[in-house]
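This is model.pdb (PDB, C-alpha atoms).
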ATOM      1  CA  GLN A   1     -34.855 -22.110  43.288
ATOM      2  CA  THR A   2     -34.082 -24.616  45.987
ATOM      3  CA  SER A   3     -32.036 -23.640  49.009
ATOM      4  CA  SER A   4     -28.794 -25.077  50.357
ATOM      5  CA  ASP A   5     -27.420 -24.618  53.864
ATOM      6  CA  VAL A   6     -23.654 -24.461  53.349
ATOM      7  CA  ALA A   7     -21.601 -25.630  56.354
ATOM      8  CA  ASN A   8     -18.538 -23.455  55.710
ATOM      9  CA  THR A   9     -19.025 -20.354  53.583
ATOM     10  CA  ILE A  10     -15.422 -19.213  54.157
ATOM     11  CA  GLY A  11     -14.158 -22.269  52.334
ATOM     12  CA  ALA A  12     -16.891 -22.334  49.706
ATOM     13  CA  PHE A  13     -17.174 -18.638  48.810
ATOM     14  CA  LYS A  14     -14.684 -15.827  48.254
ATOM     15  CA  ILE A  15     -16.138 -13.295  50.664
ATOM     16  CA  PRO A  16     -13.984 -10.692  52.430
ATOM     17  CA  LYS A  17     -13.895 -11.078  56.216
ATOM     18  CA  ASN A  18     -15.257  -7.556  56.669
ATOM     19  CA  TYR A  19     -18.507  -8.610  54.972
ATOM     20  CA  GLY A  20     -19.745 -10.485  58.000
ATOM     21  CA  PRO A  21     -19.416 -13.793  59.838
ATOM     22  CA  GLY A  22     -18.064 -16.975  58.299
ATOM     23  CA  GLY A  23     -19.358 -20.408  59.186
ATOM     24  CA  ALA A  24     -22.609 -21.711  57.765
ATOM     25  CA  GLY A  25     -24.834 -19.793  55.355
ATOM     26  CA  GLY A  26     -27.255 -20.029  52.455
ATOM     27  CA  ALA A  27     -25.914 -20.671  48.966
ATOM     28  CA  CYS A  28     -28.100 -17.954  47.395
ATOM     29  CA  THR A  29     -27.198 -15.217  49.881
ATOM     30  CA  ASN A  30     -23.488 -15.987  49.759
ATOM     31  CA  ALA A  31     -23.398 -16.202  45.949
ATOM     32  CA  ILE A  32     -24.901 -12.710  45.830
ATOM     33  CA  ILE A  33     -22.475 -11.371  48.424
ATOM     34  CA  GLU A  34     -19.472 -12.912  46.649
ATOM     35  CA  THR A  35     -20.567 -11.419  43.323
ATOM     36  CA  LEU A  36     -21.172  -7.940  44.734
ATOM     37  CA  SER A  37     -18.146  -7.872  47.059
ATOM     38  CA  THR A  38     -15.762  -8.426  44.157
ATOM     39  CA  LEU A  39     -16.879  -5.204  42.469
ATOM     40  CA  PRO A  40     -14.365  -2.338  42.690
ATOM     41  CA  SER A  41     -15.510   0.341  45.134
ATOM     42  CA  ASN A  42     -15.782   2.872  42.308
ATOM     43  CA  LYS A  43     -17.845   0.595  40.057
ATOM     44  CA  PRO A  44     -21.651   0.853  40.059
ATOM     45  CA  MET A  45     -23.960  -2.055  40.755
ATOM     46  CA  PRO A  46     -24.135  -4.683  37.988
ATOM     47  CA  SER A  47     -27.093  -5.089  35.689
ATOM     48  CA  TYR A  48     -29.721  -7.651  36.639
ATOM     49  CA  ILE A  49     -28.531 -10.060  33.949
ATOM     50  CA  ASN A  50     -24.877  -9.659  34.936
ATOM     51  CA  LEU A  51     -25.702 -10.338  38.573
ATOM     52  CA  LEU A  52     -27.731 -13.446  37.697
ATOM     53  CA  ASP A  53     -25.060 -14.695  35.290
ATOM     54  CA  SER A  54     -22.301 -14.186  37.870
ATOM     55  CA  MET A  55     -24.331 -15.918  40.582
ATOM     56  CA  HIS A  56     -24.941 -18.854  38.265
ATOM     57  CA  LYS A  57     -21.230 -19.175  37.527
ATOM     58  CA  VAL A  58     -20.300 -18.929  41.216
ATOM     59  CA  LEU A  59     -22.789 -21.628  42.214
ATOM     60  CA  LYS A  60     -21.908 -23.939  39.333
ATOM     61  CA  ALA A  61     -18.158 -23.632  39.960
ATOM     62  CA  LYS A  62     -18.687 -24.704  43.567
ATOM     63  CA  GLY A  63     -20.841 -27.686  42.670
ATOM     64  CA  PHE A  64     -24.197 -26.272  43.759
ATOM     65  CA  GLN A  65     -27.282 -26.985  41.676
ATOM     66  CA  GLN A  66     -29.257 -23.903  42.716
ATOM     67  CA  LEU A  67     -30.542 -21.747  39.850
ATOM     68  CA  PRO A  68     -30.847 -18.017  40.551
ATOM     69  CA  GLU A  69     -34.283 -16.752  39.602
ATOM     70  CA  LEU A  70     -35.612 -13.216  39.280
ATOM     71  CA  SER A  71     -39.321 -12.483  39.513
ATOM     72  CA  ALA A  72     -40.856  -9.041  39.135
ATOM     73  CA  SER A  73     -44.146  -7.195  39.078
ATOM     74  CA  ARG A  74     -43.333  -5.675  35.707
ATOM     75  CA  LYS A  75     -41.120  -6.602  32.777
ATOM     76  CA  LEU A  76     -37.757  -5.253  33.894
ATOM     77  CA  ASP A  77     -35.030  -4.408  31.437
ATOM     78  CA  LEU A  78     -32.456  -6.984  32.522
ATOM     79  CA  HIS A  79     -29.637  -4.828  31.170
ATOM     80  CA  LYS A  80     -30.347  -1.916  33.483
ATOM     81  CA  ARG A  81     -28.228  -1.598  36.576
ATOM     82  CA  MET A  82     -29.722  -2.831  39.814
ATOM     83  CA  LYS A  83     -30.094  -0.043  42.393
ATOM     84  CA  LEU A  84     -30.836  -0.767  46.025
ATOM     85  CA  VAL A  85     -31.670   2.877  46.676
ATOM     86  CA  GLN A  86     -33.664   4.752  44.048
ATOM     87  CA  GLU A  87     -31.951   7.735  42.502
ATOM     88  CA  GLY A  88     -33.849  10.957  42.927
ATOM     89  CA  GLY A  89     -36.204   9.344  45.391
ATOM     90  CA  SER A  90     -37.213  10.423  48.853
ATOM     91  CA  GLY A  91     -34.074   8.889  50.333
ATOM     92  CA  ARG A  92     -36.174   7.028  52.894
ATOM     93  CA  THR A  93     -35.095   3.422  53.352
ATOM     94  CA  ARG A  94     -36.492   0.579  55.409
ATOM     95  CA  ALA A  95     -35.381  -3.071  55.584
ATOM     96  CA  LEU A  96     -36.850  -6.242  57.050
ATOM     97  CA  LEU A  97     -34.389  -9.105  57.595
ATOM     98  CA  ILE A  98     -35.567 -12.526  58.779
ATOM     99  CA  GLY A  99     -33.273 -15.462  59.531
ATOM    100  CA  ILE A 100     -34.623 -18.695  61.018
ATOM    101  CA  ASN A 101     -32.361 -21.572  62.078
ATOM    102  CA  TYR A 102     -35.319 -23.450  63.660
ATOM    103  CA  VAL A 103     -33.246 -23.940  66.781
ATOM    104  CA  GLY A 104     -34.248 -26.999  68.791
ATOM    105  CA  LEU A 105     -36.593 -28.465  66.161
ATOM    106  CA  GLY A 106     -34.347 -31.384  65.269
ATOM    107  CA  SER A 107     -31.769 -32.354  62.668
ATOM    108  CA  GLY A 108     -34.304 -32.763  59.881
ATOM    109  CA  VAL A 109     -35.513 -29.180  60.262
ATOM    110  CA  GLU A 110     -32.770 -27.174  61.950
ATOM    111  CA  LEU A 111     -30.507 -24.986  59.814
ATOM    112  CA  LYS A 112     -27.157 -23.450  60.698
ATOM    113  CA  GLY A 113     -26.482 -20.417  58.530
ATOM    114  CA  CYS A 114     -29.598 -18.252  58.375
ATOM    115  CA  HIS A 115     -28.501 -15.887  61.160
ATOM    116  CA  ASN A 116     -25.171 -15.382  59.411
ATOM    117  CA  ASP A 117     -26.999 -14.613  56.158
ATOM    118  CA  VAL A 118     -28.983 -11.850  57.847
ATOM    119  CA  ARG A 119     -25.853 -10.285  59.337
ATOM    120  CA  LYS A 120     -24.071 -10.303  55.974
ATOM    121  CA  ILE A 121     -27.013  -8.831  54.115
ATOM    122  CA  LYS A 122     -27.514  -6.142  56.729
ATOM    123  CA  GLN A 123     -23.872  -5.121  56.515
ATOM    124  CA  TYR A 124     -24.021  -4.997  52.723
ATOM    125  CA  ILE A 125     -27.211  -2.980  52.279
ATOM    126  CA  CYS A 126     -26.093  -0.465  54.923
ATOM    127  CA  SER A 127     -22.861  -0.020  52.979
ATOM    128  CA  GLN A 128     -25.006   0.813  49.929
ATOM    129  CA  GLY A 129     -27.039   3.624  51.450
ATOM    130  CA  PHE A 130     -29.620   1.942  53.679
ATOM    131  CA  ASP A 131     -30.070   3.623  57.041
ATOM    132  CA  ASP A 132     -29.139   1.253  59.881
ATOM    133  CA  GLY A 133     -31.154   3.096  62.528
ATOM    134  CA  GLN A 134     -33.521   1.161  64.786
ATOM    135  CA  ASP A 135     -36.569   2.605  63.025
ATOM    136  CA  CYS A 136     -35.182   1.696  59.605
ATOM    137  CA  VAL A 137     -34.030  -1.921  60.009
ATOM    138  CA  LYS A 138     -36.014  -4.691  61.696
ATOM    139  CA  VAL A 139     -34.357  -8.063  62.338
ATOM    140  CA  LEU A 140     -36.240 -11.228  63.308
ATOM    141  CA  MET A 141     -34.133 -14.245  64.355
ATOM    142  CA  ASP A 142     -34.544 -17.207  66.682
ATOM    143  CA  GLU A 143     -31.643 -16.015  68.766
ATOM    144  CA  ALA A 144     -31.496 -14.352  72.164
ATOM    145  CA  GLY A 145     -31.800 -10.577  71.933
ATOM    146  CA  TYR A 146     -33.901 -10.564  68.766
ATOM    147  CA  GLU A 147     -37.616 -10.570  68.065
ATOM    148  CA  SER A 148     -38.719 -14.154  67.421
ATOM    149  CA  PRO A 149     -39.702 -15.007  63.821
ATOM    150  CA  THR A 150     -43.095 -16.472  64.696
ATOM    151  CA  LYS A 151     -45.920 -16.270  62.184
ATOM    152  CA  ALA A 152     -47.620 -13.467  64.109
ATOM    153  CA  ASN A 153     -44.403 -11.455  64.380
ATOM    154  CA  MET A 154     -43.627 -11.945  60.681
ATOM    155  CA  MET A 155     -47.078 -10.669  59.734
ATOM    156  CA  LYS A 156     -46.593  -7.634  61.974
ATOM    157  CA  ALA A 157     -43.187  -7.073  60.391
ATOM    158  CA  PHE A 158     -44.737  -7.076  56.896
ATOM    159  CA  LYS A 159     -47.026  -4.263  58.010
ATOM    160  CA  TRP A 160     -44.083  -2.426  59.606
ATOM    161  CA  LEU A 161     -42.085  -2.605  56.367
ATOM    162  CA  GLN A 162     -44.782  -0.993  54.227
ATOM    163  CA  GLN A 163     -46.187   1.375  56.865
ATOM    164  CA  GLY A 164     -45.981   4.967  55.673
ATOM    165  CA  ALA A 165     -44.376   3.975  52.356
ATOM    166  CA  GLN A 166     -44.512   6.647  49.688
ATOM    167  CA  LEU A 167     -43.306   7.552  46.223
ATOM    168  CA  GLY A 168     -39.502   7.391  46.011
ATOM    169  CA  ASP A 169     -38.972   5.105  49.014
ATOM    170  CA  SER A 170     -36.590   2.145  48.806
ATOM    171  CA  LEU A 171     -37.545  -0.969  50.750
ATOM    172  CA  PHE A 172     -35.700  -4.261  51.191
ATOM    173  CA  PHE A 173     -36.782  -7.689  52.410
ATOM    174  CA  HIS A 174     -34.473 -10.642  53.027
ATOM    175  CA  PHE A 175     -35.608 -14.072  54.185
ATOM    176  CA  SER A 176     -33.285 -16.963  54.973
ATOM    177  CA  GLY A 177     -34.965 -20.133  56.173
ATOM    178  CA  HIS A 178     -37.291 -22.848  54.962
ATOM    179  CA  GLY A 179     -39.763 -22.342  52.141
ATOM    180  CA  GLY A 180     -42.529 -24.770  51.354
ATOM    181  CA  SER A 181     -45.303 -25.754  48.975
ATOM    182  CA  ILE A 182     -48.789 -26.736  50.122
ATOM    183  CA  GLU A 183     -52.123 -27.380  48.399
ATOM    184  CA  ASP A 184     -53.758 -24.221  47.073
ATOM    185  CA  ASP A 185     -56.785 -23.249  49.147
ATOM    186  CA  ASN A 186     -58.595 -20.859  46.790
ATOM    187  CA  GLY A 187     -58.005 -22.051  43.223
ATOM    188  CA  ASP A 188     -55.752 -19.153  42.160
ATOM    189  CA  GLU A 189     -52.638 -21.232  41.414
ATOM    190  CA  ALA A 190     -52.098 -22.718  37.971
ATOM    191  CA  ASP A 191     -50.148 -25.635  39.460
ATOM    192  CA  GLY A 192     -52.591 -26.169  42.312
ATOM    193  CA  MET A 193     -49.987 -25.348  44.935
ATOM    194  CA  ASP A 194     -49.296 -22.329  47.149
ATOM    195  CA  GLU A 195     -45.668 -21.483  47.871
ATOM    196  CA  THR A 196     -44.965 -20.585  51.487
ATOM    197  CA  LEU A 197     -42.550 -19.132  53.987
ATOM    198  CA  ILE A 198     -42.163 -21.308  57.063
ATOM    199  CA  PRO A 199     -42.099 -19.398  60.373
ATOM    200  CA  LEU A 200     -40.518 -20.711  63.555
ATOM    201  CA  ASP A 201     -43.846 -21.831  65.027
ATOM    202  CA  TYR A 202     -45.199 -23.422  61.844
ATOM    203  CA  LYS A 203     -46.248 -26.591  63.682
ATOM    204  CA  THR A 204     -48.821 -24.695  65.728
ATOM    205  CA  SER A 205     -49.490 -21.560  63.649
ATOM    206  CA  GLY A 206     -49.093 -22.848  60.110
ATOM    207  CA  GLN A 207     -47.170 -21.499  57.122
ATOM    208  CA  ILE A 208     -47.445 -18.129  55.384
ATOM    209  CA  ARG A 209     -48.953 -18.552  51.920
ATOM    210  CA  ASP A 210     -47.842 -16.608  48.851
ATOM    211  CA  ASP A 211     -51.349 -15.086  48.571
ATOM    212  CA  THR A 212     -50.966 -13.673  52.074
ATOM    213  CA  ILE A 213     -47.521 -12.254  51.326
ATOM    214  CA  TYR A 214     -48.875 -10.619  48.179
ATOM    215  CA  LYS A 215     -51.855  -9.015  49.916
ATOM    216  CA  GLU A 216     -50.147  -7.999  53.152
ATOM    217  CA  LEU A 217     -46.755  -6.871  51.848
ATOM    218  CA  LEU A 218     -47.108  -5.905  48.186
ATOM    219  CA  VAL A 219     -50.647  -4.619  47.741
ATOM    220  CA  PRO A 220     -50.340  -1.734  50.258
ATOM    221  CA  LEU A 221     -47.264  -0.279  48.546
ATOM    222  CA  PRO A 222     -47.853   2.916  46.546
ATOM    223  CA  ALA A 223     -46.707   3.352  42.956
ATOM    224  CA  GLY A 224     -43.101   4.477  42.713
ATOM    225  CA  CYS A 225     -42.063   2.706  45.908
ATOM    226  CA  GLN A 226     -39.325   0.151  45.232
ATOM    227  CA  LEU A 227     -39.183  -3.161  47.089
ATOM    228  CA  ILE A 228     -36.259  -5.507  46.439
ATOM    229  CA  SER A 229     -36.318  -8.924  48.076
ATOM    230  CA  ILE A 230     -33.806 -11.745  48.394
ATOM    231  CA  MET A 231     -35.446 -15.033  49.263
ATOM    232  CA  ASP A 232     -32.936 -17.705  50.280
ATOM    233  CA  CYS A 233     -35.322 -20.623  50.656
ATOM    234  CA  CYS A 234     -36.934 -23.416  48.675
ATOM    235  CA  HIS A 235     -39.745 -22.443  46.255
ATOM    236  CA  SER A 236     -38.537 -18.842  46.474
ATOM    237  CA  GLY A 237     -38.829 -17.961  42.797
ATOM    238  CA  SER A 238     -42.622 -17.794  42.857
ATOM    239  CA  VAL A 239     -43.326 -17.021  46.500
ATOM    240  CA  PHE A 240     -44.464 -13.476  45.607
ATOM    241  CA  ASP A 241     -46.868 -14.631  42.873
ATOM    242  CA  LEU A 242     -45.485 -12.124  40.359
ATOM    243  CA  PRO A 243     -46.229 -12.166  36.619
ATOM    244  CA  TYR A 244     -42.706 -11.907  35.161
ATOM    245  CA  MET A 245     -39.675 -14.103  35.702
ATOM    246  CA  PHE A 246     -36.209 -15.028  34.500
ATOM    247  CA  VAL A 247     -34.509 -18.284  35.427
ATOM    248  CA  ALA A 248     -30.710 -18.119  35.176
ATOM    249  CA  ASN A 249     -30.135 -21.569  33.693
ATOM    250  CA  GLU A 250     -27.730 -22.626  30.953
ATOM    251  CA  GLY A 251     -30.236 -22.161  28.152
ATOM    252  CA  ASN A 252     -31.319 -18.655  29.160
ATOM    253  CA  LEU A 253     -27.736 -17.493  29.677
ATOM    254  CA  VAL A 254     -26.404 -18.568  26.253
ATOM    255  CA  ASP A 255     -27.115 -15.100  24.834
ATOM    256  CA  THR A 256     -27.156 -12.666  27.770
ATOM    257  CA  GLU A 257     -27.069  -9.681  25.407
ATOM    258  CA  HIS A 258     -30.626 -10.406  24.283
ATOM    259  CA  ALA A 259     -31.962 -11.914  27.508
ATOM    260  CA  GLN A 260     -35.455 -10.819  28.523
ATOM    261  CA  MET A 261     -37.899 -11.539  31.298
ATOM    262  CA  LYS A 262     -40.746 -13.829  30.362
ATOM    263  CA  VAL A 263     -44.330 -14.167  31.512
ATOM    264  CA  ASN A 264     -44.537 -16.507  34.482
ATOM    265  CA  PRO A 265     -46.474 -19.524  33.126
ATOM    266  CA  GLU A 266     -47.867 -20.202  36.607
ATOM    267  CA  PHE A 267     -49.148 -16.665  37.105
ATOM    268  CA  ASN A 268     -52.927 -16.742  37.349
ATOM    269  CA  VAL A 269     -54.672 -13.705  35.861
ATOM    270  CA  GLU A 270     -57.923 -14.736  37.559
ATOM    271  CA  PHE A 271     -56.338 -13.732  40.866
ATOM    272  CA  ILE A 272     -55.850 -10.188  39.548
ATOM    273  CA  LEU A 273     -59.357 -10.060  38.084
ATOM    274  CA  THR A 274     -60.783 -11.048  41.461
ATOM    275  CA  MET A 275     -58.927  -8.145  43.010
ATOM    276  CA  ALA A 276     -60.167  -5.901  40.221
ATOM    277  CA  ARG A 277     -63.740  -6.791  41.069
ATOM    278  CA  GLN A 278     -63.061  -5.947  44.701
ATOM    279  CA  LEU A 279     -61.620  -2.630  43.565
ATOM    280  CA  PHE A 280     -64.773  -1.846  41.579
ATOM    281  CA  GLU A 281     -66.855  -2.530  44.653
ATOM    282  CA  HIS A 282     -64.850   0.082  46.539
ATOM    283  CA  ILE A 283     -65.419   2.568  43.725
ATOM    284  CA  GLU A 284     -69.153   1.972  43.806
ATOM    285  CA  ASN A 285     -69.137   2.564  47.553
ATOM    286  CA  ILE A 286     -67.606   6.030  47.136
ATOM    287  CA  ARG A 287     -69.659   7.068  44.100
ATOM    288  CA  VAL A 288     -72.141   9.092  46.160
ATOM    289  CA  ASP A 289     -69.351  10.854  48.018
ATOM    290  CA  ALA A 290     -67.689  11.654  44.701
ATOM    291  CA  GLU A 291     -70.850  13.260  43.394
ATOM    292  CA  ARG A 292     -71.218  15.347  46.519
ATOM    293  CA  SER A 293     -67.603  16.525  46.362
ATOM    294  CA  GLY A 294     -67.843  17.470  42.692
ATOM    295  CA  ARG A 295     -64.752  15.469  41.753
ATOM    296  CA  SER A 296     -64.706  13.461  38.523
ATOM    297  CA  LEU A 297     -65.042   9.709  38.812
ATOM    298  CA  LEU A 298     -62.085   9.209  36.476
ATOM    299  CA  GLY A 299     -59.957  11.392  38.730
ATOM    300  CA  ILE A 300     -60.899   9.307  41.728
ATOM    301  CA  ALA A 301     -60.174   6.138  39.730
ATOM    302  CA  LYS A 302     -56.665   7.403  39.025
ATOM    303  CA  ASP A 303     -56.135   8.122  42.703
ATOM    304  CA  MET A 304     -57.331   4.645  43.595
ATOM    305  CA  LEU A 305     -55.063   3.071  40.984
ATOM    306  CA  THR A 306     -52.139   4.790  42.669
ATOM    307  CA  LYS A 307     -53.095   3.258  45.995
ATOM    308  CA  SER A 308     -54.581   0.022  44.748
ATOM    309  CA  ILE A 309     -53.451  -3.373  43.678
ATOM    310  CA  ALA A 310     -52.367  -2.337  40.201
ATOM    311  CA  GLY A 311     -50.635   0.861  41.216
ATOM    312  CA  SER A 312     -49.151  -0.787  44.254
ATOM    313  CA  VAL A 313     -47.040  -3.290  42.436
ATOM    314  CA  GLU A 314     -47.112  -2.031  38.865
ATOM    315  CA  LEU A 315     -48.326  -5.291  37.390
ATOM    316  CA  GLY A 316     -47.472  -4.524  33.784
ATOM    317  CA  VAL A 317     -50.257  -5.835  31.575
ATOM    318  CA  SER A 318     -52.597  -6.139  34.556
ATOM    319  CA  THR A 319     -52.150  -2.445  35.308
ATOM    320  CA  LEU A 320     -53.169  -1.577  31.753
ATOM    321  CA  LEU A 321     -56.102  -3.957  31.974
ATOM    322  CA  LEU A 322     -57.361  -2.409  35.189
ATOM    323  CA  ALA A 323     -56.845   1.090  33.859
ATOM    324  CA  PHE A 324     -58.828   0.234  30.714
ATOM    325  CA  LEU A 325     -61.665  -1.340  32.704
ATOM    326  CA  LEU A 326     -61.801   1.553  35.136
ATOM    327  CA  LYS A 327     -61.775   4.129  32.389
ATOM    328  CA  ASN A 328     -64.553   2.490  30.431
ATOM    329  CA  LYS A 329     -66.689   1.703  33.462
ATOM    330  CA  LEU A 330     -66.379   5.138  35.004
ATOM    331  CA  LYS A 331     -67.138   7.022  31.818
ATOM    332  CA  LYS A 332     -70.682   5.744  32.097
ATOM    333  CA  PRO A 333     -73.042   8.015  34.006
ATOM    334  CA  PRO A 334     -74.130   6.639  37.383
ATOM    335  CA  ASN A 335     -77.497   4.923  37.535
TER     336      ASN A 335
END
In structure tokens, how does this file's structure come out?
Amino acid sequence: QTSSDVANTIGAFKIPKNYGPGGAGGACTNAIIETLSTLPSNKPMPSYINLLDSMHKVLKAKGFQQLPELSASRKLDLHKRMKLVQEGGSGRTRALLIGINYVGLGSGVELKGCHNDVRKIKQYICSQGFDDGQDCVKVLMDEAGYESPTKANMMKAFKWLQQGAQLGDSLFFHFSGHGGSIEDDNGDEADGMDETLIPLDYKTSGQIRDDTIYKELLVPLPAGCQLISIMDCCHSGSVFDLPYMFVANEGNLVDTEHAQMKVNPEFNVEFILTMARQLFEHIENIRVDAERSGRSLLGIAKDMLTKSIAGSVELGVSTLLLAFLLKNKLKKPPN
């Protein structure tokens, strides 16, 4: 989607005062908050399709042209209820919230509502079971008293978010600021462009490419660890380079009862195959150790899948592909 910095969210959105500050804010963040804040306290979270449909109606009624978009690492059932905290999981939560107003960078760059977005989102997720302790929530904002959202600090924060993640954990990432699109530098994008997040110091440090986000934030996550992200910025729908998507436009919402996620036409399988080759190289490097330990190669392959690219983000078809390749390669006796 594209982003919109709304000057007065109190006038534009029906959000209770206890849900955070008024004033400026992002259209995406505030459409989500309006949709979720209208739910009765005893009613569970909506399904993915209901949330997207409601957001679309809220934005359209207010004259915004933004289209909510859901991307995922596997083909989600859109009719299942969205859950910020996994049921039956470890109960461990961790959230990274980044809001950049680009203070002092001029009228063509500076935004007004990104700090407010972060405060609203933080209040909401903590009301839904996320721990608000200092070790569980990290906030980066270009405001006094907060860690600055420079490129280096954002990269460190990505590592902080996934550090120690394990099966059953529930993670959350919210970004409100500028997103961009620059020429692809490694040939893995079908459209020839990398989507980016734009840090505060982008003029001197550059932007954060989608490939980097994928490798640094998603790849290290173990299977069974849930990460939900809200990206309130331009080019946000494909900034994670995920294989499945659903765009909440008029055509896709005509029959919500039968709505399904579709394969992202811009998802490049070659990117996954490159990672698969790197994975095989790691397996070859531990083959001798495996023989000495007496463990089966297939058993080690399963362990690596759990910790690797495929297991990390559960890439649907790609997971099956990697599993098939590993199984057939590792059945062969070593040379």
The PyMOL selection byres ((chain A and resi 121) around 9) resolved against shown file, as a VMD selection string: chain A and resid 19 to 20 29 33 97 116 to 120 122 to 126 174
When the PyMOL selection byres ((chain A and resi 102) around 9) is applied to the structure above, which residues does it catch, written out as an mmCIF file with C-alpha atoms, keeping the file's coordinate frame?
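As written to disk, out-v1.cif reads:
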data_model
loop_
_atom_site.group_PDB
_atom_site.id
_atom_site.type_symbol
_atom_site.label_atom_id
_atom_site.label_comp_id
_atom_site.auth_asym_id
_atom_site.auth_seq_id
_atom_site.Cartn_x
_atom_site.Cartn_y
_atom_site.Cartn_z
ATOM 1 C CA ILE A 100 -34.623 -18.695 61.018
ATOM 2 C CA ASN A 101 -32.361 -21.572 62.078
ATOM 3 C CA VAL A 103 -33.246 -23.940 66.781
ATOM 4 C CA GLY A 104 -34.248 -26.999 68.791
ATOM 5 C CA LEU A 105 -36.593 -28.465 66.161
ATOM 6 C CA GLY A 106 -34.347 -31.384 65.269
ATOM 7 C CA VAL A 109 -35.513 -29.180 60.262
ATOM 8 C CA GLU A 110 -32.770 -27.174 61.950
ATOM 9 C CA LEU A 111 -30.507 -24.986 59.814
ATOM 10 C CA LYS A 112 -27.157 -23.450 60.698
ATOM 11 C CA ASP A 142 -34.544 -17.207 66.682
ATOM 12 C CA GLY A 177 -34.965 -20.133 56.173
ATOM 13 C CA HIS A 178 -37.291 -22.848 54.962
ATOM 14 C CA PRO A 199 -42.099 -19.398 60.373
ATOM 15 C CA LEU A 200 -40.518 -20.711 63.555
ATOM 16 C CA ASP A 201 -43.846 -21.831 65.027
#
Point-to-point distance in Å for atom CA of A:Val239 and atom CA of A:Ser181: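 That distance, rounded to one decimal, is 9.3 Å.
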Among listed residues A:Tyr146, A:Phe130, A:Phe175, A:Phe246, nearest A:Gly26 (using only C-alpha atoms):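 Closest residue, counting only C-alpha atoms: A:Phe175.
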Could you produce a table of the residues of stretch 49-156 of chain A lying within 10 Å of stretch 213-229 of chain A, with the nearest pair of atoms per residue and their separation in Å rounded to one decimal, using all atoms listed in the file, ordered by chain and increasing residue number, as JSON lines?
{"residue": "A:Leu70", "atom": "CA", "partner": "A:Ser229", "partner_atom": "CA", "distance": 9.8}
{"residue": "A:Ser71", "atom": "CA", "partner": "A:Ser229", "partner_atom": "CA", "distance": 9.7}
{"residue": "A:Ala72", "atom": "CA", "partner": "A:Ile228", "partner_atom": "CA", "distance": 9.3}
{"residue": "A:Ser73", "atom": "CA", "partner": "A:Leu218", "partner_atom": "CA", "distance": 9.7}
{"residue": "A:Met82", "atom": "CA", "partner": "A:Ile228", "partner_atom": "CA", "distance": 9.7}
{"residue": "A:Lys83", "atom": "CA", "partner": "A:Ile228", "partner_atom": "CA", "distance": 9.2}
{"residue": "A:Leu84", "atom": "CA", "partner": "A:Ile228", "partner_atom": "CA", "distance": 7.2}
{"residue": "A:Val85", "atom": "CA", "partner": "A:Gln226", "partner_atom": "CA", "distance": 8.3}
{"residue": "A:Gln86", "atom": "CA", "partner": "A:Gln226", "partner_atom": "CA", "distance": 7.4}
{"residue": "A:Gly89", "atom": "CA", "partner": "A:Gly224", "partner_atom": "CA", "distance": 8.9}
{"residue": "A:Ser90", "atom": "CA", "partner": "A:Cys225", "partner_atom": "CA", "distance": 9.6}
{"residue": "A:Thr93", "atom": "CA", "partner": "A:Gln226", "partner_atom": "CA", "distance": 9.7}
{"residue": "A:Arg94", "atom": "CA", "partner": "A:Leu227", "partner_atom": "CA", "distance": 9.5}
{"residue": "A:Ala95", "atom": "CA", "partner": "A:Leu227", "partner_atom": "CA", "distance": 9.3}
{"residue": "A:Leu96", "atom": "CA", "partner": "A:Ser229", "partner_atom": "CA", "distance": 9.4}
{"residue": "A:Leu97", "atom": "CA", "partner": "A:Ser229", "partner_atom": "CA", "distance": 9.7}
{"residue": "A:Met155", "atom": "CA", "partner": "A:Glu216", "partner_atom": "CA", "distance": 7.7}
{"residue": "A:Lys156", "atom": "CA", "partner": "A:Glu216", "partner_atom": "CA", "distance": 9.5}
Coordinates-based distance that separates atom CA of A:Phe267 from atom CA of A:Gln162 (Å, one decimal): 23.6 Å
Coordinates-based distance that separates atom CA of A:Arg81 from atom CA of A:Thr38 (Å, one decimal): 16.1 Å
Near-A:Thr196 list (7 Å; only C-alpha atoms; drop same-chain fewer than 2 positions) as a ChimeraX atom specification: /A:179-181,194,198,207-210,239
Chain and number of each residue from the PyMOL selection byres ((chain A and resi 259) around 10), as a PyMOL selection string: chain A and resi 49+77-79+246+248+252-258+260-262
Save stretch 209-215 of chain A from what I just supplied, as a CSV table (one decimal), in the first residue's frame, atoms limited to N, CA and C atoms.
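Saved to part_32.csv:
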chain,number,residue,atom,x,y,z
A,209,ARG,N,17.2,-2.5,2.7
A,209,ARG,CA,16.5,-3.2,1.7
A,209,ARG,C,15.7,-4.4,2.2
A,210,ASP,N,14.7,-4.8,1.4
A,210,ASP,CA,13.8,-5.9,1.8
A,210,ASP,C,14.6,-7.2,2.0
A,211,ASP,N,15.7,-7.4,1.2
A,211,ASP,CA,16.5,-8.6,1.3
A,211,ASP,C,17.2,-8.6,2.7
A,212,THR,N,17.6,-7.5,3.1
A,212,THR,CA,18.3,-7.4,4.5
A,212,THR,C,17.3,-7.7,5.6
A,213,ILE,N,16.1,-7.1,5.4
A,213,ILE,CA,15.0,-7.3,6.5
A,213,ILE,C,14.7,-8.8,6.5
A,214,TYR,N,14.6,-9.5,5.4
A,214,TYR,CA,14.3,-10.9,5.3
A,214,TYR,C,15.4,-11.7,6.0
A,215,LYS,N,16.7,-11.4,5.7
A,215,LYS,CA,17.8,-12.2,6.2
A,215,LYS,C,18.0,-11.9,7.7
